[in-house]
file work-v2.txt (compact mmCIF, C-alpha atoms and all ligand atoms)
# COMPACT_ATOMS: atom_id res chain seq x y z
CA MET A 1 0.00 0.00 0.00
CA THR A 2 1.29 3.47 -0.90
CA ARG A 3 -0.46 6.49 0.50
CA ALA A 4 0.33 9.56 -1.58
CA PHE A 5 0.47 13.12 -0.27
CA ASN A 6 -3.08 14.35 -0.87
CA PHE A 7 -3.47 18.11 -1.48
CA SER A 8 -7.25 17.93 -2.02
CA ALA A 9 -9.19 21.01 -0.88
CA GLY A 10 -11.95 18.82 0.56
CA PRO A 11 -12.87 16.15 1.31
CA ALA A 12 -9.25 16.20 2.32
CA THR A 13 -6.46 14.10 3.72
CA LEU A 14 -6.96 12.57 7.18
CA PRO A 15 -4.29 11.41 9.63
CA GLU A 16 -3.20 7.88 8.82
CA SER A 17 -3.47 6.86 12.48
CA VAL A 18 -7.14 7.92 12.49
CA LEU A 19 -7.89 5.82 9.42
CA ARG A 20 -6.02 2.86 10.89
CA GLN A 21 -7.97 3.06 14.15
CA ALA A 22 -11.26 3.31 12.25
CA GLN A 23 -10.20 0.29 10.20
CA ALA A 24 -9.29 -1.71 13.29
CA GLU A 25 -12.63 -0.84 14.94
CA MET A 26 -14.78 -1.23 11.85
CA LEU A 27 -16.31 -4.58 12.78
CA GLU A 28 -16.43 -4.21 16.52
CA TRP A 29 -16.09 -1.07 18.60
CA ASN A 30 -15.55 -0.42 22.29
CA GLY A 31 -16.53 -3.94 23.37
CA VAL A 32 -20.15 -3.49 22.30
CA GLY A 33 -20.14 -6.44 19.87
CA ALA A 34 -21.03 -4.28 16.86
CA SER A 35 -19.59 -1.47 14.78
CA VAL A 36 -20.03 2.11 16.00
CA VAL A 37 -21.97 2.69 12.79
CA GLU A 38 -24.51 0.00 13.76
CA ILE A 39 -25.52 1.11 17.25
CA SER A 40 -28.12 3.52 18.57
CA HIS A 41 -27.11 7.14 18.99
CA ARG A 42 -29.05 6.97 22.26
CA SER A 43 -26.95 4.12 23.65
CA ALA A 44 -24.74 4.94 26.63
CA ASP A 45 -21.64 4.04 24.60
CA PHE A 46 -22.42 6.43 21.79
CA ILE A 47 -23.46 9.23 24.13
CA ALA A 48 -20.10 8.85 25.89
CA LEU A 49 -18.36 9.12 22.50
CA ALA A 50 -20.34 12.25 21.63
CA GLU A 51 -19.59 13.87 24.98
CA ARG A 52 -15.90 13.01 24.66
CA ALA A 53 -15.74 14.55 21.16
CA GLU A 54 -17.35 17.75 22.43
CA ALA A 55 -15.07 17.94 25.47
CA ASP A 56 -12.01 17.39 23.29
CA LEU A 57 -13.10 20.02 20.77
CA ARG A 58 -13.75 22.47 23.62
CA GLN A 59 -10.26 21.82 24.93
CA LEU A 60 -8.64 22.03 21.48
CA LEU A 61 -10.27 25.38 20.63
CA SER A 62 -10.52 26.77 24.21
CA ILE A 63 -14.28 27.23 23.75
CA PRO A 64 -15.79 29.23 26.65
CA ASP A 65 -18.68 27.76 28.64
CA ASP A 66 -21.12 30.40 27.43
CA TYR A 67 -20.88 28.91 23.94
CA ALA A 68 -22.87 25.88 22.78
CA VAL A 69 -21.28 23.39 20.39
CA LEU A 70 -23.54 21.69 17.86
CA PHE A 71 -22.70 18.67 15.70
CA LEU A 72 -25.10 18.75 12.78
CA ALA A 73 -25.76 16.76 9.64
CA GLY A 74 -25.09 18.72 6.50
CA GLY A 75 -22.38 21.01 5.23
CA ALA A 76 -21.22 24.57 5.65
CA THR A 77 -23.62 25.60 2.90
CA THR A 78 -26.51 24.23 4.98
CA GLN A 79 -25.45 26.47 7.87
CA GLN A 80 -25.31 29.47 5.51
CA ALA A 81 -29.06 29.04 4.97
CA LEU A 82 -29.78 28.31 8.65
CA LEU A 83 -28.00 31.42 9.97
CA PRO A 84 -30.56 33.96 8.71
CA LEU A 85 -33.44 31.64 9.68
CA ASN A 86 -32.19 31.43 13.25
CA PHE A 87 -30.72 34.84 13.95
CA ALA A 88 -32.42 37.47 11.77
CA SER A 89 -36.05 38.53 11.89
CA PRO A 90 -38.00 38.65 8.61
CA GLY A 91 -36.78 41.57 6.50
CA GLN A 92 -33.90 42.37 8.82
CA THR A 93 -30.51 43.19 7.31
CA VAL A 94 -27.47 40.94 7.56
CA ASP A 95 -24.06 42.27 6.57
CA VAL A 96 -21.73 40.12 4.49
CA VAL A 97 -18.08 40.83 3.77
CA VAL A 98 -17.20 39.08 0.52
CA THR A 99 -13.59 38.03 0.11
CA GLY A 100 -14.06 35.10 -2.28
CA HIS A 101 -16.32 32.35 -3.55
CA TRP A 102 -17.71 31.22 -0.19
CA GLY A 103 -18.76 34.72 0.81
CA LYS A 104 -20.82 34.74 -2.36
CA THR A 105 -22.50 31.45 -1.48
CA ALA A 106 -23.28 32.86 1.98
CA ILE A 107 -25.20 35.63 0.22
CA LYS A 108 -26.98 33.24 -2.12
CA GLN A 109 -28.12 31.02 0.75
CA ALA A 110 -29.28 33.94 2.93
CA LYS A 111 -31.10 35.93 0.24
CA PRO A 112 -34.43 34.08 0.31
CA TYR A 113 -34.86 34.99 4.01
CA VAL A 114 -33.33 38.38 4.72
CA ASN A 115 -32.10 41.63 3.30
CA VAL A 116 -28.45 40.96 2.49
CA HIS A 117 -26.18 43.98 2.54
CA ILE A 118 -22.70 43.61 1.04
CA ALA A 119 -20.62 45.57 3.53
CA ALA A 120 -17.39 45.12 1.58
CA ASP A 121 -16.59 43.33 -1.64
CA GLY A 122 -13.22 42.06 -2.82
CA GLU A 123 -14.54 40.97 -6.22
CA PRO A 124 -13.76 44.21 -8.12
CA GLY A 125 -10.13 43.63 -7.12
CA GLY A 126 -10.31 40.02 -8.34
CA PHE A 127 -10.34 38.68 -4.75
CA ARG A 128 -6.64 39.36 -4.38
CA ASP A 129 -6.95 41.26 -1.11
CA ILE A 130 -9.34 41.87 1.80
CA PRO A 131 -10.97 45.32 1.62
CA PRO A 132 -9.54 47.40 4.49
CA ARG A 133 -11.73 47.45 7.56
CA ALA A 134 -12.00 51.27 7.40
CA GLN A 135 -13.86 50.94 4.08
CA TRP A 136 -16.52 48.49 5.29
CA GLN A 137 -20.05 49.92 5.21
CA LEU A 138 -21.59 48.16 8.20
CA SER A 139 -25.31 48.50 8.94
CA PRO A 140 -25.96 49.59 12.53
CA ASP A 141 -29.12 47.43 12.74
CA ALA A 142 -27.68 44.27 11.15
CA ALA A 143 -28.54 40.92 12.76
CA TYR A 144 -24.92 39.86 12.31
CA VAL A 145 -21.83 40.44 10.19
CA HIS A 146 -20.68 37.42 8.18
CA ILE A 147 -17.09 36.84 7.11
CA THR A 148 -15.24 33.88 5.61
CA ALA A 149 -12.17 33.38 7.79
CA ASN A 150 -10.34 31.52 5.02
CA GLU A 151 -11.44 31.53 1.38
CA THR A 152 -10.62 28.00 0.27
CA ILE A 153 -10.79 28.69 -3.48
CA HIS A 154 -9.22 32.16 -3.68
CA GLY A 155 -6.57 31.47 -1.04
CA ILE A 156 -7.27 34.52 1.13
CA GLU A 157 -7.33 34.48 4.90
CA PHE A 158 -8.09 37.00 7.65
CA ARG A 159 -4.91 37.23 9.70
CA ASP A 160 -6.72 39.22 12.44
CA THR A 161 -10.27 39.11 13.73
CA PRO A 162 -11.96 42.30 12.52
CA ASP A 163 -13.64 44.55 15.07
CA VAL A 164 -17.29 45.01 14.06
CA GLY A 165 -18.54 46.68 17.24
CA GLU A 166 -21.71 45.51 18.96
CA VAL A 167 -23.16 43.46 16.11
CA PRO A 168 -22.19 39.76 16.48
CA LEU A 169 -19.51 38.52 14.12
CA PHE A 170 -20.34 35.20 12.38
CA ALA A 171 -17.54 33.39 10.60
CA ASP A 172 -17.22 30.50 8.19
CA PHE A 173 -14.13 28.66 9.45
CA SER A 174 -14.64 25.56 7.29
CA SER A 175 -11.11 25.50 5.92
CA SER A 176 -9.09 26.97 8.79
CA ILE A 177 -10.68 25.85 12.07
CA ALA A 178 -8.07 24.42 14.46
CA SER A 179 -5.22 25.55 12.20
CA GLU A 180 -4.01 28.04 14.82
CA PRO A 181 -5.16 29.42 18.21
CA LEU A 182 -8.52 31.17 18.01
CA ASP A 183 -10.21 33.63 20.39
CA VAL A 184 -13.76 32.26 20.22
CA SER A 185 -15.06 35.08 22.43
CA ARG A 186 -14.55 37.57 19.57
CA TYR A 187 -17.29 35.80 17.60
CA GLY A 188 -21.03 35.37 18.01
CA LEU A 189 -20.89 32.20 15.93
CA ILE A 190 -18.31 30.05 14.21
CA TYR A 191 -19.22 27.25 11.82
CA ALA A 192 -17.28 24.72 9.81
CA GLY A 193 -17.99 21.76 7.59
CA ALA A 194 -15.71 19.04 8.93
CA GLN A 195 -14.18 17.79 5.67
CA LYS A 196 -11.26 20.23 5.50
CA ASN A 197 -9.61 20.23 8.89
CA LEU A 198 -11.81 18.25 11.31
CA GLY A 199 -12.64 14.91 9.75
CA PRO A 200 -15.08 13.55 7.16
CA VAL A 201 -17.77 15.28 5.11
CA GLY A 202 -21.36 15.00 6.29
CA ILE A 203 -21.07 16.72 9.65
CA SER A 204 -20.69 20.38 10.57
CA VAL A 205 -19.67 22.02 13.81
CA VAL A 206 -21.44 25.18 14.99
CA ILE A 207 -20.04 27.10 17.97
CA VAL A 208 -22.56 29.69 19.08
CA ARG A 209 -22.84 32.13 21.99
CA ARG A 210 -25.72 30.79 24.04
CA ASP A 211 -27.55 34.11 24.42
CA LEU A 212 -27.95 34.32 20.63
CA LEU A 213 -29.94 31.07 20.64
CA ALA A 214 -32.78 32.98 22.32
CA ARG A 215 -33.34 35.13 19.23
CA ALA A 216 -36.71 34.58 17.57
CA GLY A 217 -35.38 34.41 14.03
CA GLN A 218 -37.95 33.42 11.41
CA PRO A 219 -40.73 30.86 11.28
CA ARG A 220 -38.97 27.55 10.66
CA ALA A 221 -39.35 23.84 11.18
CA ASP A 222 -37.95 22.55 14.44
CA ILE A 223 -35.28 20.57 12.60
CA PHE A 224 -33.86 23.87 11.28
CA ASN A 225 -33.81 25.37 14.77
CA TYR A 226 -30.36 25.61 16.35
CA ALA A 227 -31.86 26.14 19.81
CA SER A 228 -33.74 22.83 19.54
CA HIS A 229 -30.56 21.04 18.51
CA ALA A 230 -28.71 22.65 21.42
CA ALA A 231 -31.43 21.65 23.90
CA ARG A 232 -31.14 18.02 22.75
CA ASP A 233 -27.32 17.85 22.59
CA SER A 234 -27.44 17.58 18.77
CA MET A 235 -29.62 14.47 19.02
CA LEU A 236 -32.93 15.98 17.97
CA ASN A 237 -32.95 13.33 15.26
CA THR A 238 -30.39 10.66 14.32
CA PRO A 239 -27.07 12.46 14.00
CA PRO A 240 -24.36 11.34 11.54
CA THR A 241 -22.85 8.92 14.03
CA TRP A 242 -20.00 7.57 11.88
CA ASN A 243 -18.89 11.08 10.96
CA TRP A 244 -19.09 12.14 14.60
CA TYR A 245 -16.89 9.18 15.54
CA LEU A 246 -14.28 10.05 12.87
CA LEU A 247 -14.38 13.71 13.87
CA GLY A 248 -13.78 12.67 17.48
CA LEU A 249 -10.75 10.59 16.48
CA THR A 250 -9.36 13.49 14.43
CA VAL A 251 -9.79 16.01 17.24
CA LYS A 252 -8.15 13.61 19.70
CA TRP A 253 -5.25 13.19 17.27
CA MET A 254 -4.82 16.99 17.16
CA LEU A 255 -4.70 17.16 20.96
CA ASP A 256 -2.18 14.31 21.10
CA GLU A 257 0.02 16.04 18.51
CA GLY A 258 0.26 19.15 20.68
CA GLY A 259 -2.92 21.12 19.96
CA VAL A 260 -3.51 24.23 17.90
CA ALA A 261 -0.26 25.96 18.89
CA GLU A 262 1.69 23.06 17.40
CA PHE A 263 -0.46 23.05 14.24
CA ALA A 264 0.03 26.81 13.89
CA ARG A 265 3.78 26.14 13.91
CA ARG A 266 3.57 23.33 11.35
CA ASN A 267 1.14 25.24 9.13
CA ALA A 268 3.38 28.30 9.11
CA GLU A 269 6.31 26.10 8.15
CA LYS A 270 4.40 24.41 5.30
CA ALA A 271 3.16 27.77 3.98
CA ARG A 272 6.68 29.23 4.23
CA LEU A 273 8.01 26.34 2.13
CA VAL A 274 5.41 26.57 -0.64
CA TYR A 275 5.22 30.39 -0.88
CA GLY A 276 9.02 30.37 -0.75
CA ALA A 277 9.13 28.07 -3.77
CA ILE A 278 6.68 30.33 -5.63
CA ASP A 279 8.38 33.62 -4.77
CA GLY A 280 11.85 32.17 -5.28
CA SER A 281 11.09 30.78 -8.74
CA GLY A 282 12.20 33.89 -10.60
CA GLY A 283 8.64 34.49 -11.79
CA TYR A 284 8.04 30.94 -13.06
CA TYR A 285 5.32 30.38 -10.44
CA ARG A 286 2.91 33.16 -9.47
CA ASN A 287 0.57 33.69 -6.51
CA GLU A 288 -1.50 36.86 -6.92
CA VAL A 289 -2.85 37.31 -3.37
CA ALA A 290 -1.63 40.29 -1.33
CA PRO A 291 1.15 38.96 0.95
CA GLY A 292 -0.56 40.07 4.17
CA VAL A 293 -3.66 37.92 3.56
CA ARG A 294 -2.20 34.87 1.85
CA SER A 295 -3.88 31.71 3.13
CA ARG A 296 -1.77 29.17 4.97
CA MET A 297 -4.31 26.46 4.21
CA ASN A 298 -4.95 26.80 0.47
CA ILE A 299 -2.32 28.11 -1.92
CA PRO A 300 -3.44 28.79 -5.48
CA PHE A 301 -0.67 29.48 -7.99
CA PHE A 302 -0.11 29.81 -11.70
CA LEU A 303 2.44 28.50 -14.18
CA PRO A 304 3.91 30.72 -16.93
CA ASP A 305 1.57 29.15 -19.48
CA GLU A 306 -1.79 27.59 -18.59
CA ARG A 307 -1.13 24.91 -21.22
CA LEU A 308 1.38 23.49 -18.71
CA ASP A 309 -1.30 23.02 -16.01
CA ALA A 310 -2.42 19.57 -17.15
CA LEU A 311 1.17 18.39 -17.38
CA PHE A 312 1.94 19.70 -13.89
CA VAL A 313 -1.10 17.85 -12.52
CA SER A 314 -0.33 14.55 -14.27
CA GLU A 315 3.40 14.60 -13.48
CA SER A 316 2.81 15.52 -9.84
CA LYS A 317 0.24 12.75 -9.53
CA ALA A 318 2.76 10.26 -10.93
CA ALA A 319 5.21 11.57 -8.31
CA GLY A 320 2.73 10.76 -5.51
CA LEU A 321 1.28 14.27 -5.06
CA LEU A 322 -2.50 14.15 -5.49
CA ALA A 323 -5.24 16.64 -6.34
CA LEU A 324 -3.21 19.73 -7.24
CA LYS A 325 -5.54 20.95 -9.97
CA GLY A 326 -6.83 24.44 -9.22
CA HIS A 327 -10.56 25.16 -8.74
CA LYS A 328 -12.21 26.04 -12.04
CA ALA A 329 -13.20 29.49 -10.73
CA VAL A 330 -9.52 30.44 -10.45
CA GLY A 331 -7.65 27.95 -12.66
CA GLY A 332 -3.99 27.05 -12.32
CA ILE A 333 -2.79 24.90 -9.45
CA ARG A 334 -3.92 24.75 -5.81
CA ALA A 335 -2.21 23.07 -2.88
CA SER A 336 -4.28 22.59 0.28
CA LEU A 337 -2.17 22.16 3.40
CA TYR A 338 -4.56 21.22 6.19
CA ASN A 339 -3.49 19.97 9.61
CA ALA A 340 -3.22 16.34 8.47
CA MET A 341 -0.72 17.27 5.71
CA PRO A 342 2.76 16.71 7.17
CA VAL A 343 5.62 19.16 6.60
CA ALA A 344 7.24 16.37 4.56
CA GLY A 345 4.33 16.64 2.09
CA ALA A 346 4.92 20.36 1.57
CA GLN A 347 8.64 19.64 1.14
CA ALA A 348 7.89 16.94 -1.46
CA LEU A 349 5.70 19.42 -3.35
CA VAL A 350 8.43 22.07 -3.25
CA ASP A 351 11.02 19.58 -4.54
CA PHE A 352 8.67 18.64 -7.38
CA MET A 353 8.04 22.33 -8.21
CA HIS A 354 11.79 22.99 -8.51
CA ASP A 355 12.23 19.95 -10.70
CA PHE A 356 9.24 20.80 -12.92
CA ALA A 357 10.39 24.39 -13.43
CA GLN A 358 13.81 23.17 -14.48
CA ARG A 359 12.44 20.68 -16.96
CA HIS A 360 9.78 22.99 -18.41
CA GLY A 361 11.38 26.40 -17.87
C1 LIG B 401 -15.88 23.75 1.54
C2 LIG B 401 -16.38 25.04 2.04
C3 LIG B 401 -17.75 25.33 2.09
C4 LIG B 401 -18.81 24.38 1.57
O1 LIG B 401 -18.92 23.26 2.36
P1 LIG B 401 -20.04 22.17 2.06
O2 LIG B 401 -19.82 21.19 3.15
O3 LIG B 401 -19.76 21.60 0.71
O4 LIG B 401 -21.36 22.82 2.13
C5 LIG B 401 -18.15 26.54 2.61
N1 LIG B 401 -17.24 27.43 3.06
C6 LIG B 401 -15.92 27.20 3.00
C7 LIG B 401 -14.96 28.23 3.50
C8 LIG B 401 -15.44 26.00 2.50
O5 LIG B 401 -14.12 25.75 2.45
call {"tool": "encode", "arguments": {"input": "work-v2.txt", "output": "structure tokens"}}
result
Amino acid sequence: MTRAFNFSAGPATLPESVLRQAQAEMLEWNGVGASVVEISHRSADFIALAERAEADLRQLLSIPDDYAVLFLAGGATTQQALLPLNFASPGQTVDVVVTGHWGKTAIKQAKPYVNVHIAADGEPGGFRDIPPRAQWQLSPDAAYVHITANETIHGIEFRDTPDVGEVPLFADFSSSIASEPLDVSRYGLIYAGAQKNLGPVGISVVIVRRDLLARAGQPRADIFNYASHAARDSMLNTPPTWNWYLLGLTVKWMLDEGGVAEFARRNAEKARLVYGAIDGSGGYYRNEVAPGVRSRMNIPFFLPDERLDALFVSESKAAGLLALKGHKAVGGIRASLYNAMPVAGAQALVDFMHDFAQRHG
């Protein structure tokens, strides 16, 4: 068996030890005589697993007690539709700061329910920078301000939490959660689909200040109500138990590896390697994002001629480096460097980039 270095943007690489444990426990888990995927979510064994995963995530991210943590079926896009339903009254304004593709989907998902105001928009600049905070046009009566902490496709990341005053700040952390220390108390709500940095697709984590759960929001079915999920410990209906289990193993692995401070160190090192190879290539490789907001998690870059893209992707794949094709919205090449990507993977990519530039320069 040869496991390649997998640079997929998501679903993304998982720690090998997590996959091995899941493999070993596939047929029989925890002495219960059945797989974890075959037992009731209301069994004592599964409830203990769920509580452990929450406790570990709280420890990993230093989540304060006045925040609820929800584990929900569905993706980040699902949460983008649920946010206005839960936290904005009909016709109320929500502010969105658009710094890439996922800010635009946040608008699309919210639009049927609320008045969406674009407080700042990086699109006229080609999503190469984050509009300066001083230029944001925030609405004083907004239900919340939405940002995308890391834009997975455009490779742009907030390096500081913006100050938006009294209005709660909501952030899509799908592709950067747990990649570095995070001050949860600066946010009203943080959400993330798990399949980038936390585990498998099919489960999302929502971290929400408890007082916000009392907001009336809009008429909605109970199953779309965050407060109902919180009141039932995310077991209002059958939760995605297998995904929850894998997420729990992944979070535990992060704690065992040294927690978010250690991942911040590794992620900075990986990003330094890859941006170094781009910037040190004499112009052969190009990244167009403003240096101060370059993402550490997703690095899009371009070759001197887009006709070389397919060759770069096929040769890198043959060299054991998977999924480097850029997203179609941007083109070129993209390397995603989530927590489960070792520094050795970034180094192997950099070695390949040097070699490719020499052969096709
Ligand atoms: C992947 C991603 C999404 C979409 O996640 P789904 O689970 O496919 O809905 C949203 N936001 C960001 C920042 C992402 O990286």
call {"tool": "atom_distance", "arguments": {"input": "work-v2.txt", "atom1": "CA of Gln23 (chain A)", "atom2": "atom C5 of ligand LIG 401 (chain B)"}}
result
28.5 Å
call {"tool": "closest_atom_pairs", "arguments": {"input": "work-v2.txt", "of": "chain A", "to": "ligand LIG 401 (chain B)", "cutoff": "6 Å", "atoms": "only C-alpha atoms and all ligand atoms", "output": "Markdown table"}}
result
| residue | atom | partner | partner_atom | distance |
| --- | --- | --- | --- | --- |
| A:Gly75 | CA | B:LIG401 | O2 | 3.3 |
| A:Ala76 | CA | B:LIG401 | O4 | 3.9 |
| A:Thr77 | CA | B:LIG401 | O4 | 3.7 |
| A:Trp102 | CA | B:LIG401 | N1 | 5.0 |
| A:Asn150 | CA | B:LIG401 | C7 | 5.9 |
| A:Glu151 | CA | B:LIG401 | C7 | 5.3 |
| A:Thr152 | CA | B:LIG401 | O5 | 4.7 |
| A:Asp172 | CA | B:LIG401 | C7 | 5.7 |
| A:Ser174 | CA | B:LIG401 | C7 | 4.6 |
| A:Ser175 | CA | B:LIG401 | O5 | 4.6 |
| A:Gly193 | CA | B:LIG401 | O2 | 4.8 |
call {"tool": "closest_residue", "arguments": {"input": "work-v2.txt", "among": "A:Leu61, A:Ala230, A:Leu246, A:Leu169", "to": "Leu49 (chain A)", "atoms": "all atoms listed in the file"}}
result
A:Leu246
call {"tool": "residues_around", "arguments": {"input": "work-v2.txt", "residues": "Asn115 (chain A)", "least_positions_apart": "2", "cutoff": "8 Å", "atoms": "all atoms listed in the file", "output": "ChimeraX atom specification"}}
result
/A:91-94,111,113,117
call {"tool": "residues_around", "arguments": {"input": "work-v2.txt", "residues": "Pro112 (chain A)", "least_positions_apart": "4", "cutoff": "12 Å", "atoms": "all atoms listed in the file", "output": "JSON, numbers by chain"}}
result
{"A": [80, 81, 82, 83, 84, 85, 90, 91, 92, 106, 107, 108, 116, 218]}
call {"tool": "residues_around", "arguments": {"input": "work-v2.txt", "residues": "Val208 (chain A)", "least_positions_apart": "6", "cutoff": "7 Å", "atoms": "only C-alpha atoms", "output": "list in words"}}
result
Tyr67, Ala68, Val69, Gly188, Leu189 and Ile190 of chain A
call {"tool": "atom_distance", "arguments": {"input": "work-v2.txt", "atom1": "CA of Ala34 (chain A)", "atom2": "CA of Asn197 (chain A)"}}
result
28.2 Å
call {"tool": "residues_near_point", "arguments": {"input": "work-v2.txt", "point": "(-19.5, 45.0, 15.6)", "cutoff": "9 Å", "atoms": "only C-alpha atoms", "output": "MDAnalysis selection string"}}
result
chainID A and resid 138 140 144:145 162:169
call {"tool": "build_atoms", "arguments": {"input": "work-v2.txt", "residues": "region 48-70 of chain A", "atoms": "N, CA and C atoms", "output": "PDB file, keeping the file's coordinate frame"}}
result
ATOM      1  N   ALA A  48     -21.435   8.584  25.314  1.00  0.00           N
ATOM      2  CA  ALA A  48     -20.100   8.850  25.890  1.00  0.00           C
ATOM      3  C   ALA A  48     -19.135   9.316  24.799  1.00  0.00           C
ATOM      4  N   LEU A  49     -19.213   8.696  23.636  1.00  0.00           N
ATOM      5  CA  LEU A  49     -18.360   9.120  22.500  1.00  0.00           C
ATOM      6  C   LEU A  49     -18.654  10.570  22.131  1.00  0.00           C
ATOM      7  N   ALA A  50     -19.942  10.902  22.035  1.00  0.00           N
ATOM      8  CA  ALA A  50     -20.340  12.250  21.630  1.00  0.00           C
ATOM      9  C   ALA A  50     -19.866  13.283  22.654  1.00  0.00           C
ATOM     10  N   GLU A  51     -20.030  12.936  23.932  1.00  0.00           N
ATOM     11  CA  GLU A  51     -19.590  13.870  24.980  1.00  0.00           C
ATOM     12  C   GLU A  51     -18.079  14.051  24.969  1.00  0.00           C
ATOM     13  N   ARG A  52     -17.365  12.954  24.728  1.00  0.00           N
ATOM     14  CA  ARG A  52     -15.900  13.010  24.660  1.00  0.00           C
ATOM     15  C   ARG A  52     -15.457  13.920  23.501  1.00  0.00           C
ATOM     16  N   ALA A  53     -16.111  13.748  22.338  1.00  0.00           N
ATOM     17  CA  ALA A  53     -15.740  14.550  21.160  1.00  0.00           C
ATOM     18  C   ALA A  53     -15.963  16.032  21.456  1.00  0.00           C
ATOM     19  N   GLU A  54     -17.086  16.343  22.119  1.00  0.00           N
ATOM     20  CA  GLU A  54     -17.350  17.750  22.430  1.00  0.00           C
ATOM     21  C   GLU A  54     -16.321  18.286  23.429  1.00  0.00           C
ATOM     22  N   ALA A  55     -16.047  17.492  24.461  1.00  0.00           N
ATOM     23  CA  ALA A  55     -15.070  17.940  25.470  1.00  0.00           C
ATOM     24  C   ALA A  55     -13.705  18.164  24.831  1.00  0.00           C
ATOM     25  N   ASP A  56     -13.310  17.254  23.950  1.00  0.00           N
ATOM     26  CA  ASP A  56     -12.010  17.390  23.290  1.00  0.00           C
ATOM     27  C   ASP A  56     -11.977  18.609  22.368  1.00  0.00           C
ATOM     28  N   LEU A  57     -13.065  18.846  21.649  1.00  0.00           N
ATOM     29  CA  LEU A  57     -13.100  20.020  20.770  1.00  0.00           C
ATOM     30  C   LEU A  57     -13.059  21.308  21.592  1.00  0.00           C
ATOM     31  N   ARG A  58     -13.786  21.297  22.740  1.00  0.00           N
ATOM     32  CA  ARG A  58     -13.750  22.470  23.620  1.00  0.00           C
ATOM     33  C   ARG A  58     -12.335  22.732  24.127  1.00  0.00           C
ATOM     34  N   GLN A  59     -11.641  21.652  24.455  1.00  0.00           N
ATOM     35  CA  GLN A  59     -10.260  21.820  24.930  1.00  0.00           C
ATOM     36  C   GLN A  59      -9.361  22.307  23.789  1.00  0.00           C
ATOM     37  N   LEU A  60      -9.499  21.686  22.624  1.00  0.00           N
ATOM     38  CA  LEU A  60      -8.640  22.030  21.480  1.00  0.00           C
ATOM     39  C   LEU A  60      -8.767  23.512  21.117  1.00  0.00           C
ATOM     40  N   LEU A  61     -10.026  24.012  21.103  1.00  0.00           N
ATOM     41  CA  LEU A  61     -10.270  25.380  20.630  1.00  0.00           C
ATOM     42  C   LEU A  61     -10.477  26.360  21.782  1.00  0.00           C
ATOM     43  N   SER A  62     -10.293  25.920  23.018  1.00  0.00           N
ATOM     44  CA  SER A  62     -10.520  26.770  24.210  1.00  0.00           C
ATOM     45  C   SER A  62     -11.883  27.469  24.115  1.00  0.00           C
ATOM     46  N   ILE A  63     -12.933  26.669  23.921  1.00  0.00           N
ATOM     47  CA  ILE A  63     -14.280  27.230  23.750  1.00  0.00           C
ATOM     48  C   ILE A  63     -14.855  27.586  25.122  1.00  0.00           C
ATOM     49  N   PRO A  64     -15.236  28.845  25.336  1.00  0.00           N
ATOM     50  CA  PRO A  64     -15.790  29.230  26.650  1.00  0.00           C
ATOM     51  C   PRO A  64     -17.125  28.550  26.938  1.00  0.00           C
ATOM     52  N   ASP A  65     -17.460  28.456  28.227  1.00  0.00           N
ATOM     53  CA  ASP A  65     -18.680  27.760  28.640  1.00  0.00           C
ATOM     54  C   ASP A  65     -19.955  28.435  28.144  1.00  0.00           C
ATOM     55  N   ASP A  66     -19.888  29.727  27.880  1.00  0.00           N
ATOM     56  CA  ASP A  66     -21.120  30.400  27.430  1.00  0.00           C
ATOM     57  C   ASP A  66     -21.347  30.218  25.926  1.00  0.00           C
ATOM     58  N   TYR A  67     -20.636  29.274  25.343  1.00  0.00           N
ATOM     59  CA  TYR A  67     -20.880  28.910  23.940  1.00  0.00           C
ATOM     60  C   TYR A  67     -21.378  27.460  23.873  1.00  0.00           C
ATOM     61  N   ALA A  68     -22.420  27.240  23.066  1.00  0.00           N
ATOM     62  CA  ALA A  68     -22.870  25.880  22.780  1.00  0.00           C
ATOM     63  C   ALA A  68     -22.101  25.351  21.577  1.00  0.00           C
ATOM     64  N   VAL A  69     -21.914  24.033  21.543  1.00  0.00           N
ATOM     65  CA  VAL A  69     -21.280  23.390  20.390  1.00  0.00           C
ATOM     66  C   VAL A  69     -22.271  22.403  19.800  1.00  0.00           C
ATOM     67  N   LEU A  70     -22.597  22.585  18.534  1.00  0.00           N
ATOM     68  CA  LEU A  70     -23.540  21.690  17.860  1.00  0.00           C
ATOM     69  C   LEU A  70     -22.806  20.841  16.837  1.00  0.00           C
TER      70      LEU A  70
END
